[in-house]
Amino acid sequence: MSKKNAVVSVNVIKGDINRALKQLKKRTIESGHLLELRERRYYIKPTTIRRRKKQLAVREQQKEVILEKIEGGDTTIRFYTKKAKKPKNIDKKKNTDKKDK
């Protein structure tokens, strides 16, 4: 796609506005105008863009490695998950039991 997007226009035939709107929507999506508008909504620093691309590439590579290991039969490999938090009530009960003895 070139830097300059072509101007999108639609002719209304026989007063059929719904069909013309449908064509307009399709042509704007294909030309990339909507995508460009969404990207330009906020300014993103070039370093942030590069950092984000690098992070996504690293994650994708890690995912591929993990899937290859799983297919190879390694059952110890798991995707990253959050660690379960310890319940607070159990710690307090243990401490009070020790003090009573």
# chains A, B, ... in the order shown; residues from 1 in each chain; ligands from 1
call {"tool": "select_by_dssp", "arguments": {"residues": "range 20-87 of chain A", "states": "helix (DSSP H, G or I)", "output": "tab-separated table (two decimals) with N, CA and C atoms, in the first residue's frame"}}
result
chain	number	residue	atom	x	y	z
A	20	ALA	N	-25.21	2.01	-1.54
A	20	ALA	CA	-24.07	2.93	-1.67
A	20	ALA	C	-23.27	2.98	-0.36
A	21	LEU	N	-23.96	2.99	0.79
A	21	LEU	CA	-23.26	2.99	2.08
A	21	LEU	C	-22.47	1.70	2.29
A	22	LYS	N	-23.05	0.60	1.84
A	22	LYS	CA	-22.37	-0.68	1.97
A	22	LYS	C	-21.09	-0.69	1.13
A	23	GLN	N	-21.17	-0.15	-0.08
A	23	GLN	CA	-20.00	-0.06	-0.95
A	23	GLN	C	-18.95	0.89	-0.36
A	24	LEU	N	-19.41	2.01	0.20
A	24	LEU	CA	-18.49	2.98	0.80
A	24	LEU	C	-17.73	2.35	1.96
A	25	LYS	N	-18.45	1.65	2.80
A	25	LYS	CA	-17.82	0.99	3.94
A	25	LYS	C	-16.77	-0.01	3.47
A	26	LYS	N	-17.11	-0.82	2.48
A	26	LYS	CA	-16.19	-1.82	1.96
A	26	LYS	C	-14.94	-1.17	1.37
A	27	ARG	N	-15.13	-0.11	0.61
A	27	ARG	CA	-14.00	0.56	-0.04
A	27	ARG	C	-13.09	1.27	0.96
A	28	THR	N	-13.67	1.86	2.02
A	28	THR	CA	-12.83	2.53	3.03
A	28	THR	C	-11.99	1.51	3.79
A	29	ILE	N	-12.56	0.35	4.07
A	29	ILE	CA	-11.79	-0.68	4.76
A	29	ILE	C	-10.66	-1.19	3.87
A	30	GLU	N	-10.96	-1.43	2.59
A	30	GLU	CA	-9.95	-1.93	1.66
A	30	GLU	C	-8.84	-0.91	1.41
A	31	SER	N	-9.18	0.37	1.39
A	31	SER	CA	-8.18	1.40	1.10
A	31	SER	C	-7.26	1.66	2.29
A	33	HIS	N	-8.11	3.56	5.02
A	33	HIS	CA	-8.39	4.84	5.68
A	33	HIS	C	-8.75	4.65	7.16
A	34	LEU	N	-9.60	3.68	7.45
A	34	LEU	CA	-10.02	3.47	8.84
A	34	LEU	C	-8.85	3.04	9.72
A	35	LEU	N	-8.01	2.17	9.18
A	35	LEU	CA	-6.85	1.71	9.93
A	35	LEU	C	-5.91	2.88	10.23
A	36	GLU	N	-5.71	3.73	9.25
A	36	GLU	CA	-4.83	4.89	9.43
A	36	GLU	C	-5.42	5.85	10.47
A	37	LEU	N	-6.72	6.05	10.44
A	37	LEU	CA	-7.35	6.93	11.43
A	37	LEU	C	-7.16	6.38	12.84
A	38	ARG	N	-7.33	5.07	13.00
A	38	ARG	CA	-7.16	4.48	14.33
A	38	ARG	C	-5.72	4.61	14.81
A	39	GLU	N	-4.77	4.42	13.89
A	39	GLU	CA	-3.36	4.52	14.28
A	39	GLU	C	-2.99	5.95	14.65
A	40	ARG	N	-3.57	6.92	13.99
A	40	ARG	CA	-3.22	8.32	14.23
A	40	ARG	C	-4.01	8.97	15.37
A	46	PRO	N	8.37	6.52	18.47
A	46	PRO	CA	8.99	5.46	17.68
A	46	PRO	C	9.68	4.39	18.53
A	47	THR	N	10.29	4.80	19.65
A	47	THR	CA	10.94	3.81	20.51
A	47	THR	C	9.92	2.86	21.13
A	48	THR	N	8.74	3.38	21.44
A	48	THR	CA	7.68	2.54	22.00
A	48	THR	C	7.21	1.53	20.96
A	49	ILE	N	7.09	1.97	19.72
A	49	ILE	CA	6.66	1.07	18.65
A	49	ILE	C	7.68	-0.06	18.46
A	50	ARG	N	8.98	0.31	18.44
A	50	ARG	CA	10.03	-0.70	18.26
A	50	ARG	C	10.06	-1.67	19.43
A	51	ARG	N	9.93	-1.14	20.66
A	51	ARG	CA	9.95	-1.98	21.84
A	51	ARG	C	8.78	-2.96	21.84
A	52	ARG	N	7.60	-2.48	21.44
A	52	ARG	CA	6.40	-3.33	21.39
A	52	ARG	C	6.56	-4.45	20.36
A	53	LYS	N	7.11	-4.10	19.17
A	53	LYS	CA	7.34	-5.12	18.14
A	53	LYS	C	8.30	-6.19	18.64
A	54	LYS	N	9.35	-5.76	19.34
A	54	LYS	CA	10.34	-6.70	19.85
A	54	LYS	C	9.71	-7.61	20.90
A	55	GLN	N	8.91	-7.04	21.80
A	55	GLN	CA	8.24	-7.84	22.83
A	55	GLN	C	7.33	-8.89	22.21
A	56	LEU	N	6.56	-8.48	21.20
A	56	LEU	CA	5.67	-9.43	20.54
A	56	LEU	C	6.44	-10.54	19.85
A	57	ALA	N	7.57	-10.20	19.22
A	57	ALA	CA	8.39	-11.21	18.55
A	57	ALA	C	8.96	-12.21	19.56
A	58	VAL	N	9.43	-11.71	20.70
A	58	VAL	CA	9.98	-12.58	21.73
A	58	VAL	C	8.91	-13.52	22.27
A	59	ARG	N	7.73	-13.00	22.53
A	59	ARG	CA	6.63	-13.83	23.04
A	59	ARG	C	6.25	-14.91	22.03
A	60	GLU	N	6.18	-14.52	20.76
A	60	GLU	CA	5.82	-15.48	19.72
A	60	GLU	C	6.86	-16.59	19.62
A	61	GLN	N	8.13	-16.23	19.71
A	61	GLN	CA	9.19	-17.23	19.64
A	61	GLN	C	9.14	-18.17	20.86
A	62	GLN	N	8.91	-17.61	22.04
A	62	GLN	CA	8.80	-18.44	23.24
A	62	GLN	C	7.63	-19.40	23.12
A	63	LYS	N	6.54	-18.93	22.57
A	63	LYS	CA	5.36	-19.77	22.39
A	63	LYS	C	5.66	-20.93	21.45
A	64	GLU	N	6.36	-20.64	20.34
A	64	GLU	CA	6.72	-21.70	19.39
A	64	GLU	C	7.63	-22.74	20.03
A	65	VAL	N	8.60	-22.29	20.82
A	65	VAL	CA	9.51	-23.22	21.48
A	65	VAL	C	8.75	-24.11	22.45
A	66	ILE	N	7.86	-23.52	23.22
A	66	ILE	CA	7.08	-24.29	24.19
A	66	ILE	C	6.20	-25.31	23.48
A	67	LEU	N	5.54	-24.90	22.40
A	67	LEU	CA	4.68	-25.83	21.66
A	67	LEU	C	5.49	-26.97	21.05
A	68	GLU	N	6.69	-26.67	20.55
A	68	GLU	CA	7.54	-27.72	20.01
A	68	GLU	C	7.93	-28.72	21.10
A	69	LYS	N	8.25	-28.24	22.29
A	69	LYS	CA	8.62	-29.12	23.39
A	69	LYS	C	7.43	-29.98	23.82
A	70	ILE	N	6.24	-29.38	23.84
A	70	ILE	CA	5.05	-30.14	24.21
A	70	ILE	C	4.78	-31.23	23.19
A	71	GLU	N	4.92	-30.89	21.90
A	71	GLU	CA	4.71	-31.89	20.86
A	71	GLU	C	5.76	-32.99	20.94
